[in-house]
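**Student:** Below is one structure. I have some questions about it.
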Amino acid sequence: MELLRRALLDTPKGRALTALAAGALPALAFPAPSLWWFAYLALVPWMLMIRQAPTGRQAAFDGWFGGLGFMLAVHHWLLPSLHVFTVLIAALLGLLWVPWGLLVRHLLGGGRPSPLRAVVALAVLPSGWLMIELVRSWQGLGGPWGLLGSSQWQVDPALRLASLGGVWLLSLLVVALNTCVVLLIAARDARTPAVAGLVVAVAVVSGAWAWAPRPEPAGRVRVAVVQPGVVDGAGSADRRFAREEELTRTLAGQDVDLVVWGESSVGFDLTRRPDLADRVAALSRLVGADILVNVDARSADPANAPGIYKSSVLVGPRGPTGDRYDKMRLVPFGEYIPARSLLGWATSVGEAAGEDRRRGSRQTLMDVGHGLRIGPLVCFESAFPDMSRHLADDGAELLVAQSATSSFQHSWAPPQHASLAALRAAETGRPMVHATLTGVSAVYGPQGERVGAWLGTGASAAEVYDVPLATGVTPYVRFGDWPVRGALTVLALLCAAEGARAVRRRPVPRPRVPRARTARESPVRPGR
């Protein structure tokens, strides 16, 4: 065992590989493994390793390589598409964990942390982690995929907590509990604060479960999800449309209020192809409900800049209603290449976008009849908590995400994507429909509870869901990202305290006293 420990921790290569593996462990808490309980322990090996780093430089490297391992693990399904570029992006984003590694060593290292330092660690380390999640949530860096709090999508008490502070509050909780476990294992003098931290966490979750405001039931609507399944090869756009048409016809007589097709369900601009618009309108008349399709095509709308858009388009019995939402947040490298003049070579090593998609400029609410207003999102926009929060605040009664993950069909990506809708529903107190082309499609109620069964990646079907509606405003919708502001305050206080300590430790310079002069050294005044 001692030889193994030395091989893993005392050699540069062994330590780097150990950090990579330790950083990758939290990925097991997300779908498809979905070991949600493991999230509360997954950071412990990594933190214990950083704690024992002999130098600050080593702690920084441990943070970097662990961050690299984490990013590779939660995005491993990108490797077949982006190849080596996936590793490069993960290495760059892994640098975000360098300051966190230094914080772990500073607060938990150096022998046995004092009780006071343990209390500080319980506040600072979760806050530091949250800043990493905040920075990498910028869409240009890949967006908020793999936030630790998202691993709790199927835990009812956690979803109640999300209604108070969003996924950010859940991430704080997960890192805080990992810190408690590290203190219990490695710091005997700090076990009292660790136990107190566990008690506080249980009290907070219990309090949220018991007293957090719950959405008020407001009836039900029947929503149909049309999932055609994988349609590849020549003429796939026409064949997919025909399959969606066939499945939608089966909804006749089922008294649906809305039909939702997945992302890129229509591969042609409906202005240029009025025949397709007429066919969708005929389906709307047949089933007695509006149909939300998603157009992935070069726009013919003179109001738009020339280019390819991904747009949610509402079609009624008389054709397109005029309600349209153009996707605002595009997938880096999948739908556009950041700084294409510099990084355009990515198209030669993977399946990066050959042409940049165009962005929409604003979010939109759509009236789909029956007094129902929906807020559409496209693809990975469902990962951004601020977008669904703004839609709910503007009056959306139902959130609808249209997605397509066929490029990653046999990976963890489809179930991970479907799970995000549970969090968005719980945060906003509004039900959410996640409709895809090839699975996984899912529906969640206003508290994040699952409604009906998932349509998996092997399904080609049209499924009707009785979706409960709700009214009321959750604290997260009302107050926004307050956990992020709290984390920033904690880190600012830490910086101020460390700055004051550095000033106190700085040696006070002694005043310079002029050297006494002897009579021989005294200047002689010149005579008159």
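Starting from 1 in every chain, residues are counted up; chains themselves are A, B, ... following the order of the structure tokens, and ligands are numbered from 1 as listed.
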Please provide the set of residues having any atom within 6 Å of stretch 223-236 of chain A, restricted to only C-alpha atoms, with same-chain residues fewer than 5 positions apart removed, written as a PyMOL selection string.

**Tutor:** chain A and resi 243-244+256-261+435+437-438+460-465

**Student:** Show which residues sit within 8 Å of A:Glu216, as a ChimeraX atom specification. Count only C-alpha atoms, and ignore same-chain residues fewer than 4 positions away.

**Tutor:** /A:470-472

**Student:** Just N, CA and C atoms for this one: save the residues we selected as a CSV table (one decimal), in the first residue's frame.

**Tutor:**
chain,number,residue,atom,x,y,z
A,470,ALA,N,-49.8,25.5,-12.9
A,470,ALA,CA,-49.8,26.1,-11.5
A,470,ALA,C,-49.6,27.6,-11.6
A,471,THR,N,-50.0,28.3,-10.6
A,471,THR,CA,-49.8,29.7,-10.5
A,471,THR,C,-48.9,30.0,-9.3
A,472,GLY,N,-48.5,31.2,-9.1
A,472,GLY,CA,-47.6,31.6,-8.0
A,472,GLY,C,-46.2,31.9,-8.5

**Student:** Return the single residue from A:Leu173, A:Leu493, A:Leu423, A:Val473 that is closest to A:Pro213, with distances computed using only C-alpha atoms.

**Tutor:**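 With only C-alpha atoms as the atom set, the closest residue is A:Val473.
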
**Student:** Nearest to A:Pro415 among A:Trp129, A:Tyr325, A:Trp153, A:Phe61, with distances taken over only C-alpha atoms: which residue is it?

**Tutor:**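 So, comparing all the options, the nearest one is A:Trp153.
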
**Student:** From a backbone DSSP assignment, name each residue in stretch 128-332 of chain A labelled strand (DSSP E or B), as a PDB file with N, CA and C atoms, in the first residue's frame.

**Tutor:**
ATOM      1  N   GLU A 216     -49.515  26.816  -6.731  1.00  0.00           N
ATOM      2  CA  GLU A 216     -50.943  26.544  -6.575  1.00  0.00           C
ATOM      3  C   GLU A 216     -51.485  25.862  -7.824  1.00  0.00           C
ATOM      4  N   PRO A 217     -52.120  24.703  -7.695  1.00  0.00           N
ATOM      5  CA  PRO A 217     -52.666  24.009  -8.872  1.00  0.00           C
ATOM      6  C   PRO A 217     -53.630  24.906  -9.646  1.00  0.00           C
ATOM      7  N   ALA A 218     -53.541  24.821 -10.988  1.00  0.00           N
ATOM      8  CA  ALA A 218     -54.384  25.674 -11.835  1.00  0.00           C
ATOM      9  C   ALA A 218     -54.879  24.902 -13.052  1.00  0.00           C
ATOM     10  N   GLY A 219     -55.353  23.688 -12.843  1.00  0.00           N
ATOM     11  CA  GLY A 219     -55.901  22.914 -13.937  1.00  0.00           C
ATOM     12  C   GLY A 219     -54.847  22.083 -14.660  1.00  0.00           C
ATOM     13  N   ARG A 220     -55.263  21.525 -15.784  1.00  0.00           N
ATOM     14  CA  ARG A 220     -54.386  20.666 -16.575  1.00  0.00           C
ATOM     15  C   ARG A 220     -54.554  20.954 -18.056  1.00  0.00           C
ATOM     16  N   VAL A 221     -53.507  20.648 -18.818  1.00  0.00           N
ATOM     17  CA  VAL A 221     -53.580  20.692 -20.276  1.00  0.00           C
ATOM     18  C   VAL A 221     -53.023  19.383 -20.814  1.00  0.00           C
ATOM     19  N   ARG A 222     -53.488  19.036 -22.006  1.00  0.00           N
ATOM     20  CA  ARG A 222     -53.013  17.815 -22.644  1.00  0.00           C
ATOM     21  C   ARG A 222     -52.039  18.200 -23.755  1.00  0.00           C
ATOM     22  N   VAL A 223     -50.807  17.779 -23.571  1.00  0.00           N
ATOM     23  CA  VAL A 223     -49.735  18.125 -24.513  1.00  0.00           C
ATOM     24  C   VAL A 223     -49.219  16.844 -25.149  1.00  0.00           C
ATOM     25  N   ALA A 224     -49.111  16.851 -26.459  1.00  0.00           N
ATOM     26  CA  ALA A 224     -48.592  15.695 -27.194  1.00  0.00           C
ATOM     27  C   ALA A 224     -47.169  15.984 -27.660  1.00  0.00           C
ATOM     28  N   VAL A 225     -46.290  15.020 -27.449  1.00  0.00           N
ATOM     29  CA  VAL A 225     -44.909  15.092 -27.917  1.00  0.00           C
ATOM     30  C   VAL A 225     -44.743  14.110 -29.073  1.00  0.00           C
ATOM     31  N   VAL A 226     -44.251  14.619 -30.193  1.00  0.00           N
ATOM     32  CA  VAL A 226     -44.039  13.786 -31.372  1.00  0.00           C
ATOM     33  C   VAL A 226     -42.543  13.562 -31.534  1.00  0.00           C
ATOM     34  N   GLN A 227     -42.104  12.315 -31.399  1.00  0.00           N
ATOM     35  CA  GLN A 227     -40.690  11.960 -31.487  1.00  0.00           C
ATOM     36  C   GLN A 227     -40.517  10.956 -32.633  1.00  0.00           C
ATOM     37  N   LEU A 258     -52.056  21.040 -27.299  1.00  0.00           N
ATOM     38  CA  LEU A 258     -50.843  21.489 -27.981  1.00  0.00           C
ATOM     39  C   LEU A 258     -50.065  20.265 -28.436  1.00  0.00           C
ATOM     40  N   VAL A 259     -49.481  20.356 -29.618  1.00  0.00           N
ATOM     41  CA  VAL A 259     -48.600  19.311 -30.144  1.00  0.00           C
ATOM     42  C   VAL A 259     -47.209  19.924 -30.316  1.00  0.00           C
ATOM     43  N   VAL A 260     -46.183  19.226 -29.839  1.00  0.00           N
ATOM     44  CA  VAL A 260     -44.812  19.735 -29.906  1.00  0.00           C
ATOM     45  C   VAL A 260     -43.940  18.771 -30.697  1.00  0.00           C
ATOM     46  N   TRP A 261     -43.285  19.299 -31.733  1.00  0.00           N
ATOM     47  CA  TRP A 261     -42.268  18.555 -32.459  1.00  0.00           C
ATOM     48  C   TRP A 261     -40.891  18.968 -31.942  1.00  0.00           C
ATOM     49  N   VAL A 266     -38.355  20.486 -38.878  1.00  0.00           N
ATOM     50  CA  VAL A 266     -38.639  20.923 -40.246  1.00  0.00           C
ATOM     51  C   VAL A 266     -37.347  21.473 -40.823  1.00  0.00           C
ATOM     52  N   ASP A 290     -52.932  23.717 -31.916  1.00  0.00           N
ATOM     53  CA  ASP A 290     -51.756  24.284 -32.577  1.00  0.00           C
ATOM     54  C   ASP A 290     -50.585  23.318 -32.475  1.00  0.00           C
ATOM     55  N   ILE A 291     -49.668  23.439 -33.440  1.00  0.00           N
ATOM     56  CA  ILE A 291     -48.489  22.580 -33.480  1.00  0.00           C
ATOM     57  C   ILE A 291     -47.250  23.468 -33.442  1.00  0.00           C
ATOM     58  N   LEU A 292     -46.371  23.197 -32.472  1.00  0.00           N
ATOM     59  CA  LEU A 292     -45.111  23.930 -32.365  1.00  0.00           C
ATOM     60  C   LEU A 292     -44.031  23.112 -33.063  1.00  0.00           C
ATOM     61  N   VAL A 293     -43.578  23.613 -34.208  1.00  0.00           N
ATOM     62  CA  VAL A 293     -42.513  22.943 -34.939  1.00  0.00           C
ATOM     63  C   VAL A 293     -41.217  23.716 -34.728  1.00  0.00           C
ATOM     64  N   ASN A 294     -40.114  23.165 -35.214  1.00  0.00           N
ATOM     65  CA  ASN A 294     -38.834  23.857 -35.114  1.00  0.00           C
ATOM     66  C   ASN A 294     -38.157  23.814 -36.474  1.00  0.00           C
ATOM     67  N   VAL A 295     -37.935  24.999 -37.028  1.00  0.00           N
ATOM     68  CA  VAL A 295     -37.377  25.130 -38.374  1.00  0.00           C
ATOM     69  C   VAL A 295     -35.877  25.358 -38.285  1.00  0.00           C
ATOM     70  N   ASP A 296     -35.114  24.521 -38.971  1.00  0.00           N
ATOM     71  CA  ASP A 296     -33.654  24.658 -39.046  1.00  0.00           C
ATOM     72  C   ASP A 296     -33.308  24.870 -40.512  1.00  0.00           C
ATOM     73  N   ALA A 297     -33.266  26.152 -40.921  1.00  0.00           N
ATOM     74  CA  ALA A 297     -33.096  26.435 -42.347  1.00  0.00           C
ATOM     75  C   ALA A 297     -32.658  27.883 -42.535  1.00  0.00           C
ATOM     76  N   ARG A 298     -32.243  28.169 -43.744  1.00  0.00           N
ATOM     77  CA  ARG A 298     -31.876  29.544 -44.105  1.00  0.00           C
ATOM     78  C   ARG A 298     -33.147  30.380 -44.180  1.00  0.00           C
ATOM     79  N   ILE A 308     -28.694  31.023 -41.458  1.00  0.00           N
ATOM     80  CA  ILE A 308     -29.452  29.878 -40.958  1.00  0.00           C
ATOM     81  C   ILE A 308     -29.873  30.150 -39.515  1.00  0.00           C
ATOM     82  N   TYR A 309     -31.142  29.927 -39.232  1.00  0.00           N
ATOM     83  CA  TYR A 309     -31.689  30.099 -37.895  1.00  0.00           C
ATOM     84  C   TYR A 309     -32.302  28.777 -37.429  1.00  0.00           C
ATOM     85  N   LYS A 310     -32.338  28.591 -36.113  1.00  0.00           N
ATOM     86  CA  LYS A 310     -33.146  27.541 -35.513  1.00  0.00           C
ATOM     87  C   LYS A 310     -34.300  28.225 -34.808  1.00  0.00           C
ATOM     88  N   SER A 311     -35.512  27.987 -35.295  1.00  0.00           N
ATOM     89  CA  SER A 311     -36.650  28.789 -34.856  1.00  0.00           C
ATOM     90  C   SER A 311     -37.827  27.921 -34.457  1.00  0.00           C
ATOM     91  N   SER A 312     -38.404  28.240 -33.300  1.00  0.00           N
ATOM     92  CA  SER A 312     -39.676  27.648 -32.895  1.00  0.00           C
ATOM     93  C   SER A 312     -40.783  28.418 -33.597  1.00  0.00           C
ATOM     94  N   VAL A 313     -41.598  27.714 -34.353  1.00  0.00           N
ATOM     95  CA  VAL A 313     -42.652  28.347 -35.152  1.00  0.00           C
ATOM     96  C   VAL A 313     -43.985  27.691 -34.797  1.00  0.00           C
ATOM     97  N   LEU A 314     -44.963  28.512 -34.451  1.00  0.00           N
ATOM     98  CA  LEU A 314     -46.293  28.007 -34.093  1.00  0.00           C
ATOM     99  C   LEU A 314     -47.180  27.986 -35.331  1.00  0.00           C
ATOM    100  N   VAL A 315     -47.795  26.831 -35.592  1.00  0.00           N
ATOM    101  CA  VAL A 315     -48.667  26.658 -36.751  1.00  0.00           C
ATOM    102  C   VAL A 315     -50.062  26.284 -36.253  1.00  0.00           C
ATOM    103  N   GLY A 316     -51.066  27.039 -36.722  1.00  0.00           N
ATOM    104  CA  GLY A 316     -52.445  26.785 -36.354  1.00  0.00           C
ATOM    105  C   GLY A 316     -53.237  26.235 -37.511  1.00  0.00           C
ATOM    106  N   GLY A 319     -52.469  27.962 -40.761  1.00  0.00           N
ATOM    107  CA  GLY A 319     -51.068  28.128 -41.131  1.00  0.00           C
ATOM    108  C   GLY A 319     -50.275  28.770 -40.008  1.00  0.00           C
ATOM    109  N   PRO A 320     -49.049  29.188 -40.285  1.00  0.00           N
ATOM    110  CA  PRO A 320     -48.230  29.831 -39.257  1.00  0.00           C
ATOM    111  C   PRO A 320     -48.955  31.025 -38.647  1.00  0.00           C
ATOM    112  N   THR A 321     -48.958  31.092 -37.319  1.00  0.00           N
ATOM    113  CA  THR A 321     -49.699  32.145 -36.621  1.00  0.00           C
ATOM    114  C   THR A 321     -48.931  33.462 -36.574  1.00  0.00           C
ATOM    115  N   GLY A 322     -47.662  33.425 -36.912  1.00  0.00           N
ATOM    116  CA  GLY A 322     -46.814  34.614 -36.786  1.00  0.00           C
ATOM    117  C   GLY A 322     -45.961  34.588 -35.541  1.00  0.00           C
ATOM    118  N   ASP A 323     -46.263  33.671 -34.604  1.00  0.00           N
ATOM    119  CA  ASP A 323     -45.437  33.534 -33.404  1.00  0.00           C
ATOM    120  C   ASP A 323     -44.178  32.739 -33.752  1.00  0.00           C
ATOM    121  N   ARG A 324     -43.031  33.331 -33.451  1.00  0.00           N
ATOM    122  CA  ARG A 324     -41.758  32.704 -33.823  1.00  0.00           C
ATOM    123  C   ARG A 324     -40.703  33.095 -32.788  1.00  0.00           C
ATOM    124  N   TYR A 325     -39.888  32.121 -32.418  1.00  0.00           N
ATOM    125  CA  TYR A 325     -38.765  32.388 -31.520  1.00  0.00           C
ATOM    126  C   TYR A 325     -37.496  31.858 -32.164  1.00  0.00           C
ATOM    127  N   ASP A 326     -36.510  32.739 -32.358  1.00  0.00           N
ATOM    128  CA  ASP A 326     -35.213  32.355 -32.912  1.00  0.00           C
ATOM    129  C   ASP A 326     -34.247  32.064 -31.771  1.00  0.00           C
ATOM    130  N   PRO A 332     -21.485  26.286 -28.770  1.00  0.00           N
ATOM    131  CA  PRO A 332     -20.154  26.532 -29.327  1.00  0.00           C
ATOM    132  C   PRO A 332     -19.644  25.316 -30.095  1.00  0.00           C
TER     133      PRO A 332
END

**Student:** Just the residues within 9 Å of stretch 201-204 of chain A, please, counting only C-alpha atoms, with nothing from its chain fewer than 4 positions along; format it as a list in words.

**Tutor:**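 Once the nearby chain positions are removed, what remains is Leu161, Leu173, Ala176, Leu177, Ala196, Gly197, Ala208 and Trp209 of chain A.
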
**Student:** Those selected residues, please, written with N, CA, C and O atoms and delivered as an mmCIF file, in the first residue's frame.

**Tutor:**
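So the final result, stored in out.cif, reads:
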data_model
loop_
_atom_site.group_PDB
_atom_site.id
_atom_site.type_symbol
_atom_site.label_atom_id
_atom_site.label_comp_id
_atom_site.auth_asym_id
_atom_site.auth_seq_id
_atom_site.Cartn_x
_atom_site.Cartn_y
_atom_site.Cartn_z
ATOM 1 N N LEU A 161 -35.585 22.873 -2.653
ATOM 2 C CA LEU A 161 -34.528 23.857 -2.416
ATOM 3 C C LEU A 161 -34.254 24.668 -3.677
ATOM 4 O O LEU A 161 -33.965 25.870 -3.608
ATOM 5 N N LEU A 173 -24.847 23.479 -1.577
ATOM 6 C CA LEU A 173 -25.121 22.425 -0.601
ATOM 7 C C LEU A 173 -24.219 21.207 -0.834
ATOM 8 O O LEU A 173 -23.639 20.666 0.113
ATOM 9 N N ALA A 176 -20.612 21.985 0.165
ATOM 10 C CA ALA A 176 -20.512 22.150 1.623
ATOM 11 C C ALA A 176 -20.510 20.798 2.331
ATOM 12 O O ALA A 176 -19.729 20.577 3.272
ATOM 13 N N LEU A 177 -21.354 19.864 1.888
ATOM 14 C CA LEU A 177 -21.398 18.554 2.529
ATOM 15 C C LEU A 177 -20.128 17.757 2.233
ATOM 16 O O LEU A 177 -19.649 17.010 3.095
ATOM 17 N N ALA A 196 -21.700 20.308 13.022
ATOM 18 C CA ALA A 196 -22.639 21.431 13.017
ATOM 19 C C ALA A 196 -23.061 21.783 11.593
ATOM 20 O O ALA A 196 -24.234 22.093 11.334
ATOM 21 N N GLY A 197 -22.103 21.711 10.648
ATOM 22 C CA GLY A 197 -22.432 21.973 9.256
ATOM 23 C C GLY A 197 -23.430 20.972 8.707
ATOM 24 O O GLY A 197 -24.366 21.334 7.968
ATOM 25 N N ALA A 208 -36.884 23.869 3.986
ATOM 26 C CA ALA A 208 -37.363 24.145 2.631
ATOM 27 C C ALA A 208 -38.499 23.203 2.266
ATOM 28 O O ALA A 208 -39.506 23.607 1.663
ATOM 29 N N TRP A 209 -38.364 21.940 2.637
ATOM 30 C CA TRP A 209 -39.401 20.965 2.331
ATOM 31 C C TRP A 209 -40.712 21.310 3.042
ATOM 32 O O TRP A 209 -41.800 21.166 2.471
#

**Student:** Using only C-alpha atoms, determine which residues lie at most 10 Å from A:Thr179, disregarding the query and same-chain residues fewer than 3 positions distant; provide the list as a VMD selection string.

**Tutor:** chain A and resid 40 to 41 43 to 44 47 to 48 104 108 118 121 to 123 125 to 126 173 to 176 182 to 185 194 197 to 198

**Student:** Considering only C-alpha atoms, state which residue in the set A:Pro376, A:Gly140, A:Pro338, A:Gly480 is at the smallest distance from A:Glu263.

**Tutor:**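 Comparing A:Pro376, A:Gly140, A:Pro338, A:Gly480 against A:Glu263, the winner is A:Pro376.
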
**Student:** Taking only C-alpha atoms into account, name the residue in A:Leu20, A:Ala426, A:Val443, A:Ala32 that is nearest to A:Leu159.

**Tutor:**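 Checking each of A:Leu20, A:Ala426, A:Val443, A:Ala32 against A:Leu159, counting only C-alpha atoms, the winner is A:Ala426.
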
**Student:** Near A:Trp168, within 10 Å and counting only C-alpha atoms, which residues show up once chain neighbours fewer than 5 positions away are dropped, as JSON, numbers by chain?

**Tutor:** {"A": [127, 130, 131, 133, 134, 147, 148, 149, 150, 161, 162, 173, 385, 481, 482, 483, 484, 487]}

**Student:** Which polymer residues have any atom within 9 Å of an atom of A:Pro31, counting only C-alpha atoms, with same-chain residues fewer than 6 positions away left out, as a PyMOL selection string?

**Tutor:** chain A and resi 151+412-417+419

**Student:** Could you tell me which of A:Cys495, A:Ile50, A:Val155, A:Gly267 comes closest to A:Ala237 if we count only C-alpha atoms?

**Tutor:**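 Using only C-alpha atoms, A:Ala237 sits closest to A:Gly267.
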
**Student:** Using only C-alpha atoms, which residue out of A:Pro99, A:Gly66, A:His390, A:Gly110 lies closest to A:Arg51?

**Tutor:**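 Of A:Pro99, A:Gly66, A:His390, A:Gly110, the one nearest A:Arg51, counting only C-alpha atoms, is A:Gly110.
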
**Student:** What gap, in Å, lies between atom CA of A:Val120 and atom CA of A:Leu494?

**Tutor:**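 One can read the atom CA of A:Val120 to atom CA of A:Leu494 distance as 8.6 Å.
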
**Student:** Output as number ranges by chain all residues of stretch 139-299 of chain A that backbone DSSP marks as alpha helix (DSSP H).

**Tutor:** A: 156-186, 191-211, 236-249, 274-287

**Student:** For atom CA of A:Pro446 and atom CA of A:Ala401, quote the distance in Å rounded to one decimal.

**Tutor:**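 Rounded to one decimal, the two atoms are 14.8 Å apart.
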